[in-house]
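Worksheet: one structure, shown below.
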Amino acid sequence: MRTRAVAAMLAAVIGTSTLVATGVAAADTGPDLWVIPLGNCSDQGPGTVAQPLCTAQGAADVAQPGDTVHITGGQWGEIDVTHSGRPGAPITYLADGNNGFFGPIQLGYDPHFNALQHAVTMHGVHDIVVRGNFQAAGLSSAVLIDNSTDVTVDGMTVYGNGTPPPASDGIDITGASARITLSRNDIEHRGAAGIAVGAGVTGAVVTTNVLANNAGPGIQVTDSAATVVTSNTVLTNCPVGISLTGASAGASIQNNVLSGNGVNRSACKTGSFAELSVAATATAGTTAAYNLFGPAAKTPYRWADTTYADPAAFTAGTGQGAHDLVGDPMTTHPKAWTVQNGSPVIDSANDTAPGELASDLTHSPRVDDPLVAGIGTHDRGAVELPDPFAITQLTVTPDQGPHPLPVTASVQVSNPWSTPLTYTYDFQDGSPVVTTDTSVTHVYQQRSGAYPYLVSVTATAPSGVAVHDTGQALVTDPAPEVARLSAFQDEPLSVVTDASASTDAWKITDYVVDYGDGTAPVDSRSANSSHSYLNPGVYTVALTIKDSTGATAHTTQRVTIGGLYNPVAPTRLLDTRDGGTLVNGGQLNLKIAGTHGVAATGVTAAVLNVTATNPTADSFLTVFPHGQPEPSTSNLNFDAGRTVPNLVTVPVGADGSIDIANRFGSVDVIVDLEGYYSDRFPGGNQYAYIPGTPTRALDTRTDGGSIGPGGTRVLSLFGKLPASASTIGAVVLNVTVTNPTAGSVLTAYPDGTPLPGASNLNFTAGQTTSNLVVVGVSADGKVDLHNLAGNADVVVDYVGAYALTNPPTVIGMPFLPLAPARLLDTRTDGGPVGAGQTRSLHVAGVGGVPADATAVVLNVTVADGTADSFLTVFPGGTARPGVSNLNFGAGKIIQNQVVVPVGANGDIDFSNLAGNVDVIADVFGYFSH
């Protein structure tokens with residue numbers, strides 16, 4: 001991590017955190033120096049948390065005996081230690097990741113992550129401690145300790161640089177250095193020795209380190225007297241694991257694990273291969289015992305230039321090797337060094353060997369495994385098998401309820417060693433409870449607030465090793481149990497239920513949902529569920545919730561399961577001008593299902609743009625499901641010689657087809673497919689209807705001027721759609737053409753797609769006509785309007801949209817078709833609607849429309865108007881919007897399909913602007929949740 005990048009992160013942390021030094025006095029009052037890359041840092045400052053030093057070297061330059069230098073996350077370059085401590089008051093350099101400054105603490109790298117010559121150097125200093133998980137690198141040795149005394153380097157990680165790494169040691173001790181302790185370091189993949197103790201050094205202690213995969217010996221001692229090499233794990237180094245050469249007499253080599261060193265001789269460049277090699281000049285006063293050698297060792301021992309193949313031969317030839325073992329150490333390193341059960345290293349060490357520590361590489365205590373009858377109580381090598389006790393389960397009962405709430409925290413523990421454990425229970429609202437009991441009861445007197453109380457249990461062994469687990473308790477105010485349900489269709493014949501809004505002071509344990517179709521209720525712990533029905537319809541879904549006390553609450557919701565909309569590219573299905581003109585009283589059949597991209601099964605209704613042209617008499621067309629009687633309703637009404645389009649939503653017959661009937665004269669019929677509804681999954685996306693507030697989206701009379709011959713106007717619906725345009729399958733628009741200068745056609749289609757060979761409005765010069773249009777939108781919510789000939793003004797009102805059902809961004813409604821039924825005809829009921837008047841029509845519960853329908857699909861016709869006017873259809877009991885549905889001239893018969901929400905009173909309203917006009921309304925289906 002780059003220092004400057006870290007600085008930005010830490011600046012945010014320091015602004016929101018109160019920092020407390022770990023294990024020492026408060027940072028701004030005690031002998032502590034902080035190195036933090038904050039914007040206000042300065043190497044000339046006091047080195048407090050509030051005003052830290054900028055660089056580790058800056059701290060080293062001012063540190064005094066007894067100081068602790070806290071070095072936080074970042075890349076700190078090289079530290080040249082020039083100041084000494086004193087006996088009992090060393091200068092300590094601490095890798096401190098405990099105060100909110102996360103990330104690796106790296107030494108020996110520049111800000112660009114290039115390796116420097118060293119991470120730490122010490123020349124002629126004394127009483128120095130470098131402790132913690134510093135990640136150290138160096139093109140030369142990562143740590144160089146030269147002519148220094150009473151130095152400890154503990155807990156460092158030293159890896160090689162590059163492939164292959166430079167031929168340099170991990171840690172070098174040189175010159176007249178004395179009493180140097182290297183402990184708990186992990187040194188791997190160096191280009192030479194892991195640790196090198198050089199000529200003239202005395203009394204060095206190398207203990208509890210891991211040295212692995214280095215290109216030189218794991219530990220090399222040269223002309224250094226009285227070196228202690230204890231409890232190290234030395235693996236796969238070249239060509240020797242531990243090597244003592246020259247005048248290195250008086251050494252102690254005990255409790256080490258040596259395995260795989262010099263075994264892969266092709267990878268080792270040169271040398272005399274052995275796990276342990278002690279030159280003849282280093283044997284005087286040297287002790288080698290309690291070491292373990294891996295089973296693959298070709299040469300476990302080389303002692304005074306003589307090799308020995310096993311411990312027995314070694315002991316017989318030298319008198320050394322007491323308690324040495326050969327076997328698999330079962331030491332693994334998937335993420336951290338560990339020892340497995342059954343390893344021969346367990347409890348086989350000499351507990352009193354020189355340099356033996358009370359804790360291992362990870363600071364875990366050295367402990368006796370009571371299941372192993374060993375020589376000692378410590379394990380050989382750097383890693384101790386820990387006491388395997390663990391908390392297997394913590395239960396908090398009850399974990400939710402109103403205050404005052406007694407809860408019981410109970411732990412189950414796996415304790416193979418039968419270790420006497422102490423438990424600390426913290427309920428987060430007072431003093432912790434310390435006990436040997438595995439169960440404690442506590443009473444909460446106050447609610448827990450926005451988050452539950454954290455219940456924690458810590459099990460602690462006499463060695464100090466502890467394991468931890470947490471639970472929680474949500475303490476609420478007393479409140480009644482209330483069941484709340486949201487149910488909606490998300491796929492064909494499928495309902496999703498959500499009871500997550502249900503509330504209870506106690507924990508809700510069961511959600512029982514009866515889907516209202518005769519199937520068995522579903523009992524679940526989850527507030528969310530789904531169900532598939534066999535048939536469309538309106539179902540009553542019942543929810544019962546039960547809490548931890550056994551109390552229940554109940555609610556119901558009606559849900560409509562109907563057809564979901566499947567948009568298609570506008571496609572011409574029929575044009576009788578090519579043959580097949582409908583004659584007087586004639587009827588034609590048109591197949592819908594299984595043609596032109598429509599699914600073969602599951603189709604419930606089709607959305608068609610139907611145009612009547614070349615009529616020889618005043619007449620009307622009726623579109624209805626094949627196989628059913630012709631209803632007494634109409635879809636298109638027209639005068640002789642007049643071209644009339646209308647959007648038609650019609651159920652399909654059992655065979656997937658529809659019929660079109662003409663009453664008088666002859667007429668040509670043009671049918672364009674816009675989409676269809678299905679109660680099966682035909683593949684691709686499906687959509688449900690979301691009614692909008694009718695809003696004028698375009699009026700070229702006041703915005704941009706008319707659309708010319710061959711012209712296209714791009715209409716943006718940004719801000720009107722109920723969700724992102726990418727989730728919208730189609731929009732519903734009421735489109736009116738007025739003031740056309742020539743006979744023409746208007747086509748609406750998604751922006752950015754080719755002009756389709758279909759039309760939405762057909763008109764003659766001077767004619768004003770309206771039609772409901774269902775059209776796809778582009779990914780950015782745009783629709784194109786194309787005029788074929790002449791100039792024409794276009795008025796567009798936004799009505800609603802079809803949104804994705806799965807996953808739903810907003811919850812739309814399915815469509816249920818009805819047998820066409822006449823709901824209103826003012827010619828026989830109530831008389832015409834006068835100028836400025838509004839006529840209400842109650843539709844809820846009428847003509848097959850259920851009482852809770854959200855919107856209805858009507859074919860609305862105006863006739864016998866006494867003045868040029870327009871009709872607006874809107875939800876009953878609401879203000880009339882500034883839009884129109886039908887625009888008509890005096891004496892004209894005009895129709896248009898209308899999709900209109902049902903008012904809260906179950907009504908829809910019809911408002912006429914001028915003159916008197918008769919209104920006829922036929923229902924073809926409805927939308928409902």
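Following the order of the structure tokens, chains are lettered A, B, ..., residues in each are numbered from 1, and ligands are numbered from 1.
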
### Message
Can you tell me which residues surround stretch 732-738 of chain A at a distance of at most 10 Å, considering only C-alpha atoms, apart from same-chain residues fewer than 3 positions away, and format the answer as a PyMOL selection string?
### Response
chain A and resi 689-692+694-701+706+741+745-746+748+760-763+765-776+785+791-802+883-887+896-899

#### Entry: Test item: residues at most 9 Å from stretch 445-449 of chain A, only C-alpha atoms, excluding those fewer than 2 positions along its chain, as a PyMOL selection string
chain A and resi 402-406+443+451-453+473-477

Could you write out that same residue set with all heavy atoms as a compact mmCIF listing (two decimals), in the first residue's frame?
```txt
# COMPACT_ATOMS: atom_id res chain seq x y z
N PRO A 402 -40.14 -8.08 24.72
CA PRO A 402 -40.29 -6.75 25.32
C PRO A 402 -39.63 -6.70 26.70
O PRO A 402 -39.54 -7.70 27.41
CB PRO A 402 -41.81 -6.60 25.42
CG PRO A 402 -42.31 -8.00 25.56
CD PRO A 402 -41.39 -8.87 24.76
N HIS A 403 -39.17 -5.50 27.06
CA HIS A 403 -38.58 -5.32 28.38
C HIS A 403 -39.69 -5.24 29.43
O HIS A 403 -40.82 -4.81 29.13
CB HIS A 403 -37.70 -4.07 28.41
CG HIS A 403 -38.43 -2.80 28.09
ND1 HIS A 403 -39.22 -2.11 29.00
CD2 HIS A 403 -38.50 -2.10 26.93
CE1 HIS A 403 -39.73 -1.04 28.42
NE2 HIS A 403 -39.32 -1.01 27.16
N PRO A 404 -39.41 -5.63 30.69
CA PRO A 404 -38.17 -6.29 31.14
C PRO A 404 -38.10 -7.71 30.59
O PRO A 404 -39.07 -8.44 30.66
CB PRO A 404 -38.30 -6.27 32.67
CG PRO A 404 -39.78 -6.24 32.91
CD PRO A 404 -40.38 -5.47 31.78
N LEU A 405 -36.91 -8.07 30.06
CA LEU A 405 -36.77 -9.34 29.36
C LEU A 405 -35.67 -10.17 30.00
O LEU A 405 -34.50 -9.83 29.91
CB LEU A 405 -36.44 -9.10 27.89
CG LEU A 405 -36.26 -10.36 27.04
CD1 LEU A 405 -37.60 -11.10 26.90
CD2 LEU A 405 -35.71 -10.02 25.66
N PRO A 406 -36.03 -11.27 30.68
CA PRO A 406 -34.99 -12.19 31.16
C PRO A 406 -34.50 -13.07 30.01
O PRO A 406 -35.29 -13.66 29.29
CB PRO A 406 -35.71 -13.04 32.23
CG PRO A 406 -37.16 -12.74 32.11
CD PRO A 406 -37.38 -11.69 31.08
N VAL A 443 -31.43 -10.02 33.09
CA VAL A 443 -32.69 -9.32 32.80
C VAL A 443 -32.37 -7.96 32.19
O VAL A 443 -31.68 -7.13 32.79
CB VAL A 443 -33.54 -9.14 34.06
CG1 VAL A 443 -34.83 -8.38 33.72
CG2 VAL A 443 -33.87 -10.49 34.68
N TYR A 451 -30.18 -1.32 17.23
CA TYR A 451 -29.52 -2.61 17.02
C TYR A 451 -29.69 -3.47 18.27
O TYR A 451 -29.81 -2.96 19.39
CB TYR A 451 -28.02 -2.41 16.74
CG TYR A 451 -27.76 -1.57 15.52
CD1 TYR A 451 -27.47 -0.21 15.63
CD2 TYR A 451 -27.82 -2.12 14.24
CE1 TYR A 451 -27.23 0.58 14.50
CE2 TYR A 451 -27.59 -1.35 13.11
CZ TYR A 451 -27.30 -0.01 13.25
OH TYR A 451 -27.08 0.75 12.14
N PRO A 452 -29.69 -4.80 18.09
CA PRO A 452 -29.82 -5.68 19.25
C PRO A 452 -28.63 -5.54 20.19
O PRO A 452 -27.54 -5.09 19.80
CB PRO A 452 -29.86 -7.08 18.64
CG PRO A 452 -30.20 -6.88 17.20
CD PRO A 452 -29.64 -5.55 16.82
N TYR A 453 -28.85 -5.91 21.45
CA TYR A 453 -27.73 -6.04 22.38
C TYR A 453 -26.83 -7.17 21.89
O TYR A 453 -27.29 -8.22 21.44
CB TYR A 453 -28.21 -6.39 23.79
CG TYR A 453 -28.88 -5.25 24.53
CD1 TYR A 453 -30.25 -5.28 24.80
CD2 TYR A 453 -28.14 -4.16 24.98
CE1 TYR A 453 -30.86 -4.25 25.50
CE2 TYR A 453 -28.75 -3.13 25.69
CZ TYR A 453 -30.10 -3.18 25.94
OH TYR A 453 -30.70 -2.16 26.63
N ALA A 473 -29.50 -10.13 21.44
CA ALA A 473 -30.83 -10.09 22.05
C ALA A 473 -31.47 -8.77 21.65
O ALA A 473 -30.95 -7.69 21.96
CB ALA A 473 -30.75 -10.21 23.57
N LEU A 474 -32.58 -8.85 20.94
CA LEU A 474 -33.33 -7.66 20.54
C LEU A 474 -34.41 -7.41 21.60
O LEU A 474 -35.35 -8.20 21.73
CB LEU A 474 -33.96 -7.86 19.17
CG LEU A 474 -34.80 -6.70 18.63
CD1 LEU A 474 -33.93 -5.46 18.45
CD2 LEU A 474 -35.47 -7.08 17.32
N VAL A 475 -34.25 -6.32 22.34
CA VAL A 475 -35.19 -5.98 23.41
C VAL A 475 -36.06 -4.84 22.90
O VAL A 475 -35.55 -3.77 22.51
CB VAL A 475 -34.44 -5.59 24.70
CG1 VAL A 475 -35.44 -5.30 25.80
CG2 VAL A 475 -33.50 -6.72 25.12
N THR A 476 -37.35 -5.04 22.90
CA THR A 476 -38.29 -4.10 22.31
C THR A 476 -39.19 -3.49 23.38
O THR A 476 -39.21 -3.93 24.53
CB THR A 476 -39.17 -4.81 21.28
OG1 THR A 476 -39.95 -5.82 21.95
CG2 THR A 476 -38.33 -5.50 20.21
N ASP A 477 -39.92 -2.47 22.97
CA ASP A 477 -41.00 -1.96 23.81
C ASP A 477 -42.19 -2.90 23.68
O ASP A 477 -42.41 -3.50 22.61
CB ASP A 477 -41.40 -0.55 23.37
CG ASP A 477 -40.32 0.48 23.67
OD1 ASP A 477 -39.64 0.33 24.71
OD2 ASP A 477 -40.15 1.42 22.87
```

### Task
May I have the residues within 9 Å of A:Val158 as a list in words, using only C-alpha atoms and disregarding those fewer than 3 positions away in the same chain?
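So, after excluding close chain neighbours, the residues are Phe134, Gln135, Ala136, Ala137, Gly138, Ala142, Val143, Gly170, Ile171, Asn185, Asp186, Ile187, Glu188, His189, Arg190 and Gly194 of chain A.
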
### Query
Running DSSP on the backbone, which parts of stretch 283-489 of chain A land in helix (DSSP H, G or I), as number ranges by chain?
A: 311-318

12 Å contact set for A:Asn214, only C-alpha atoms, chain neighbours under 3 positions out, as a PDB file with C-alpha atoms, in the first residue's frame:
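Writing done, so here's selection.pdb:
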```pdb
ATOM      1  CA  VAL A 158      11.034 -11.636   6.066  1.00  0.00           C
ATOM      2  CA  TYR A 159      10.504 -12.805   2.487  1.00  0.00           C
ATOM      3  CA  GLY A 160      12.696 -12.818  -0.591  1.00  0.00           C
ATOM      4  CA  ASN A 161      12.525 -10.203  -3.342  1.00  0.00           C
ATOM      5  CA  PRO A 164      15.058 -15.650  -8.088  1.00  0.00           C
ATOM      6  CA  PRO A 165      15.737 -13.493  -5.013  1.00  0.00           C
ATOM      7  CA  PRO A 166      19.112 -11.774  -4.603  1.00  0.00           C
ATOM      8  CA  ALA A 167      21.781 -13.865  -2.875  1.00  0.00           C
ATOM      9  CA  SER A 168      21.363 -12.208   0.513  1.00  0.00           C
ATOM     10  CA  ASP A 169      20.475 -13.397   3.991  1.00  0.00           C
ATOM     11  CA  GLY A 170      17.256 -12.697   5.815  1.00  0.00           C
ATOM     12  CA  ASP A 186       9.093 -16.154   9.786  1.00  0.00           C
ATOM     13  CA  ILE A 187      11.889 -16.039   7.192  1.00  0.00           C
ATOM     14  CA  GLU A 188      11.257 -17.600   3.793  1.00  0.00           C
ATOM     15  CA  HIS A 189      12.486 -17.577   0.191  1.00  0.00           C
ATOM     16  CA  ARG A 190      15.690 -15.637   0.764  1.00  0.00           C
ATOM     17  CA  GLY A 191      18.500 -15.981  -1.787  1.00  0.00           C
ATOM     18  CA  ALA A 192      21.010 -17.121   0.861  1.00  0.00           C
ATOM     19  CA  ALA A 193      20.710 -18.077   4.557  1.00  0.00           C
ATOM     20  CA  GLY A 194      17.573 -17.359   6.513  1.00  0.00           C
ATOM     21  CA  ILE A 195      19.575 -16.267   9.578  1.00  0.00           C
ATOM     22  CA  ALA A 196      23.353 -15.763   9.504  1.00  0.00           C
ATOM     23  CA  VAL A 210      10.335 -20.563  11.028  1.00  0.00           C
ATOM     24  CA  LEU A 211      12.982 -20.774   8.288  1.00  0.00           C
ATOM     25  CA  PRO A 217      21.005 -22.776   5.201  1.00  0.00           C
ATOM     26  CA  GLY A 218      18.035 -22.022   7.371  1.00  0.00           C
ATOM     27  CA  ILE A 219      20.440 -21.005  10.153  1.00  0.00           C
ATOM     28  CA  GLN A 220      24.142 -20.420   9.468  1.00  0.00           C
ATOM     29  CA  VAL A 234      13.583 -25.411   9.629  1.00  0.00           C
ATOM     30  CA  LEU A 235      12.141 -26.730   6.364  1.00  0.00           C
ATOM     31  CA  THR A 236      13.398 -27.302   2.797  1.00  0.00           C
ATOM     32  CA  ASN A 237      16.401 -25.014   2.853  1.00  0.00           C
ATOM     33  CA  CYS A 238      19.590 -25.545   0.792  1.00  0.00           C
ATOM     34  CA  PRO A 239      21.870 -27.333   1.328  1.00  0.00           C
ATOM     35  CA  VAL A 240      21.652 -27.545   5.144  1.00  0.00           C
ATOM     36  CA  GLY A 241      18.954 -26.833   7.714  1.00  0.00           C
ATOM     37  CA  ILE A 242      21.226 -25.728  10.595  1.00  0.00           C
ATOM     38  CA  GLY A 260      13.409 -31.543   3.773  1.00  0.00           C
ATOM     39  CA  ASN A 261      16.641 -29.566   4.004  1.00  0.00           C
ATOM     40  CA  GLY A 262      19.042 -30.526   1.214  1.00  0.00           C
ATOM     41  CA  ALA A 267      17.556 -27.265  -6.550  1.00  0.00           C
ATOM     42  CA  CYS A 268      20.490 -26.665  -4.182  1.00  0.00           C
ATOM     43  CA  LYS A 269      23.457 -25.162  -5.967  1.00  0.00           C
TER      44      LYS A 269
END
```

### Task
Can you list, as JSON, numbers by chain, all residues belonging to stretch 49-270 of chain A that DSSP tags as strand (DSSP E or B)?
{"A": [53, 68, 69, 70, 71, 74, 75, 79, 80, 81, 86, 89, 91, 92, 93, 94, 95, 105, 106, 107, 109, 115, 120, 121, 122, 123, 126, 127, 128, 129, 130, 131, 134, 135, 136, 143, 144, 145, 146, 149, 150, 151, 152, 153, 154, 157, 158, 159, 171, 172, 173, 174, 178, 179, 180, 181, 182, 183, 186, 187, 188, 195, 196, 197, 202, 205, 206, 207, 210, 211, 212, 219, 220, 221, 222, 225, 228, 229, 230, 233, 234, 235, 240, 241, 242, 243, 244, 245, 252, 253, 254, 257, 258, 259]}

### Task
Provide the atom CA of A:Asp96 to atom CA of A:Asn133 distance in Å, to one decimal place.
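Atom CA of A:Asn133 lies 8.4 Å from atom CA of A:Asp96.
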
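Among the candidates A:Tyr93, A:Phe488, A:Phe927, A:Tyr290, the one nearest to A:Asn350 when counting only C-alpha atoms is A:Tyr290.
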
### Query
Out of A:Leu94, A:Val923, A:Ala56, A:Val455, which residue has the shortest atom-to-atom distance to A:Gly108 when counting only C-alpha atoms?
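Result for the nearest residue to A:Gly108: A:Ala56.
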
### Task
Find the residues near stretch 842-847 of chain A: any atom within 10 Å, counting only C-alpha atoms, skip ones fewer than 5 places away on the same chain, and give them as number ranges by chain.
A: 818-824, 852-856, 876, 902-909, 922-925

Go ahead and save the residues from that selection, with N, CA and C atoms, as a CSV table (one decimal), in the first residue's frame.
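Output contents, as saved in part_35.csv:
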```csv
chain,number,residue,atom,x,y,z
A,818,LEU,N,-62.0,-10.2,-20.1
A,818,LEU,CA,-63.4,-10.5,-19.8
A,818,LEU,C,-64.1,-10.7,-21.1
A,819,ALA,N,-65.2,-11.4,-21.1
A,819,ALA,CA,-66.1,-11.4,-22.2
A,819,ALA,C,-66.6,-10.0,-22.4
A,820,PRO,N,-66.5,-9.4,-23.6
A,820,PRO,CA,-66.9,-8.0,-23.8
A,820,PRO,C,-68.3,-7.8,-23.3
A,821,ALA,N,-68.5,-6.7,-22.5
A,821,ALA,CA,-69.8,-6.3,-21.9
A,821,ALA,C,-70.0,-4.8,-22.0
A,822,ARG,N,-71.2,-4.4,-22.3
A,822,ARG,CA,-71.5,-3.0,-22.4
A,822,ARG,C,-71.8,-2.5,-21.0
A,823,LEU,N,-71.1,-1.5,-20.5
A,823,LEU,CA,-71.3,-0.9,-19.2
A,823,LEU,C,-72.1,0.4,-19.3
A,824,LEU,N,-72.0,1.1,-20.4
A,824,LEU,CA,-72.7,2.4,-20.5
A,824,LEU,C,-73.1,2.7,-21.9
A,852,ASP,N,-62.3,-5.0,-6.4
A,852,ASP,CA,-61.0,-4.4,-6.0
A,852,ASP,C,-60.1,-4.2,-7.3
A,853,ALA,N,-60.7,-4.1,-8.5
A,853,ALA,CA,-59.9,-3.9,-9.7
A,853,ALA,C,-59.2,-2.6,-9.6
A,854,THR,N,-58.0,-2.5,-10.1
A,854,THR,CA,-57.2,-1.3,-10.1
A,854,THR,C,-57.4,-0.4,-11.3
A,855,ALA,N,-57.6,-1.1,-12.5
A,855,ALA,CA,-57.8,-0.3,-13.7
A,855,ALA,C,-58.6,-1.2,-14.6
A,856,VAL,N,-59.4,-0.6,-15.6
A,856,VAL,CA,-60.2,-1.3,-16.5
A,856,VAL,C,-59.8,-0.9,-17.9
A,876,GLY,N,-62.8,8.0,-10.9
A,876,GLY,CA,-63.9,8.7,-10.2
A,876,GLY,C,-63.4,9.3,-8.9
A,902,VAL,N,-59.4,2.8,-11.7
A,902,VAL,CA,-60.7,2.9,-11.0
A,902,VAL,C,-60.6,3.7,-9.8
A,903,GLY,N,-61.5,4.7,-9.6
A,903,GLY,CA,-61.4,5.6,-8.4
A,903,GLY,C,-61.6,4.8,-7.2
A,904,ALA,N,-61.3,5.4,-6.0
A,904,ALA,CA,-61.5,4.8,-4.7
A,904,ALA,C,-62.9,4.5,-4.5
A,905,ASN,N,-63.8,5.2,-5.1
A,905,ASN,CA,-65.3,5.0,-5.0
A,905,ASN,C,-65.8,3.9,-5.9
A,906,GLY,N,-64.9,3.3,-6.7
A,906,GLY,CA,-65.3,2.3,-7.7
A,906,GLY,C,-65.8,2.8,-9.0
A,907,ASP,N,-65.7,4.1,-9.2
A,907,ASP,CA,-66.2,4.8,-10.4
A,907,ASP,C,-65.1,5.2,-11.4
A,908,ILE,N,-65.5,5.4,-12.6
A,908,ILE,CA,-64.7,6.2,-13.5
A,908,ILE,C,-65.6,7.3,-14.0
A,909,ASP,N,-65.0,8.4,-14.4
A,909,ASP,CA,-65.7,9.6,-14.8
A,909,ASP,C,-65.4,9.9,-16.3
A,922,ASP,N,-67.7,-0.1,-23.5
A,922,ASP,CA,-67.7,-1.6,-23.4
A,922,ASP,C,-66.4,-2.0,-22.6
A,923,VAL,N,-66.5,-2.9,-21.7
A,923,VAL,CA,-65.3,-3.4,-21.0
A,923,VAL,C,-64.8,-4.7,-21.6
A,924,PHE,N,-63.4,-4.8,-21.7
A,924,PHE,CA,-62.8,-5.9,-22.3
A,924,PHE,C,-61.8,-6.6,-21.3
A,925,GLY,N,-61.6,-6.1,-20.1
A,925,GLY,CA,-60.7,-6.7,-19.1
A,925,GLY,C,-60.4,-5.7,-18.1
```

### Task
Excluding A:Tyr425 and any residue of its chain fewer than 6 positions from it, enumerate the residues within 6 Å of it, using only C-alpha atoms, and give them as a PyMOL selection string.
chain A and resi 432-433+456-457

Output file for the selection above: all heavy atoms, as a short mmCIF file (atom, residue, chain, number, x, y, z; two decimals), in the first residue's frame:
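The file below, result32.cif, is the result:
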```
data_model
loop_
_atom_site.label_atom_id
_atom_site.label_comp_id
_atom_site.auth_asym_id
_atom_site.auth_seq_id
_atom_site.Cartn_x
_atom_site.Cartn_y
_atom_site.Cartn_z
N PRO A 432 -19.69 -7.25 33.15
CA PRO A 432 -19.66 -8.66 32.75
C PRO A 432 -19.76 -9.58 33.96
O PRO A 432 -19.40 -9.23 35.09
CB PRO A 432 -18.32 -8.80 32.05
CG PRO A 432 -17.93 -7.42 31.65
CD PRO A 432 -18.49 -6.53 32.71
N VAL A 433 -20.24 -10.79 33.70
CA VAL A 433 -20.35 -11.83 34.73
C VAL A 433 -19.27 -12.86 34.47
O VAL A 433 -19.18 -13.42 33.38
CB VAL A 433 -21.75 -12.50 34.68
CG1 VAL A 433 -21.82 -13.62 35.72
CG2 VAL A 433 -22.84 -11.47 34.93
N SER A 456 -21.95 -11.57 24.45
CA SER A 456 -20.69 -12.23 24.15
C SER A 456 -20.27 -13.11 25.31
O SER A 456 -20.52 -12.79 26.48
CB SER A 456 -19.60 -11.20 23.84
OG SER A 456 -19.34 -10.39 24.97
N VAL A 457 -19.62 -14.22 24.95
CA VAL A 457 -19.09 -15.15 25.95
C VAL A 457 -17.65 -15.45 25.59
O VAL A 457 -17.34 -15.78 24.43
CB VAL A 457 -19.90 -16.45 26.02
CG1 VAL A 457 -19.29 -17.40 27.03
CG2 VAL A 457 -21.35 -16.16 26.37
#
```

### Task
Please identify all polymer residues within 10 Å of A:Gly550, counting only C-alpha atoms, omitting same-chain residues fewer than 4 positions from it, and present them as a list of chain:residue names.
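Using only C-alpha atoms, the neighbours found are A:Trp506, A:Ile508, A:Thr509, A:Asp510, A:Ile545, A:Lys546.
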
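Distance check against A:Phe427 using only C-alpha atoms: of A:Thr581, A:Thr470, A:Gln400, A:Ser928, the minimum falls on A:Thr470.
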
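Checking A:His626, A:Gly430, A:Val367, A:Val467 one by one against A:Ala390, counting only C-alpha atoms, you find the shortest gap at A:Val467.
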
### Query
Which of these, A:Ile391, A:Ile894, A:Leu454, A:Ala313, has the shortest distance to A:Pro645 once you count only C-alpha atoms?
A:Ile894

### Message
Please compute the atom CA of A:Thr540-atom CA of A:Ser526 distance, one decimal, in Å.
### Response
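If I compute the distance from atom CA of A:Thr540 to atom CA of A:Ser526, I get 20.1 Å.
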
### Query
Given the choices A:Val482, A:Val669, A:Leu182, A:Ala247, which gets closest to A:Leu361 if the distance is worked out from only C-alpha atoms?
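The closest residue to A:Leu361 is A:Leu182.
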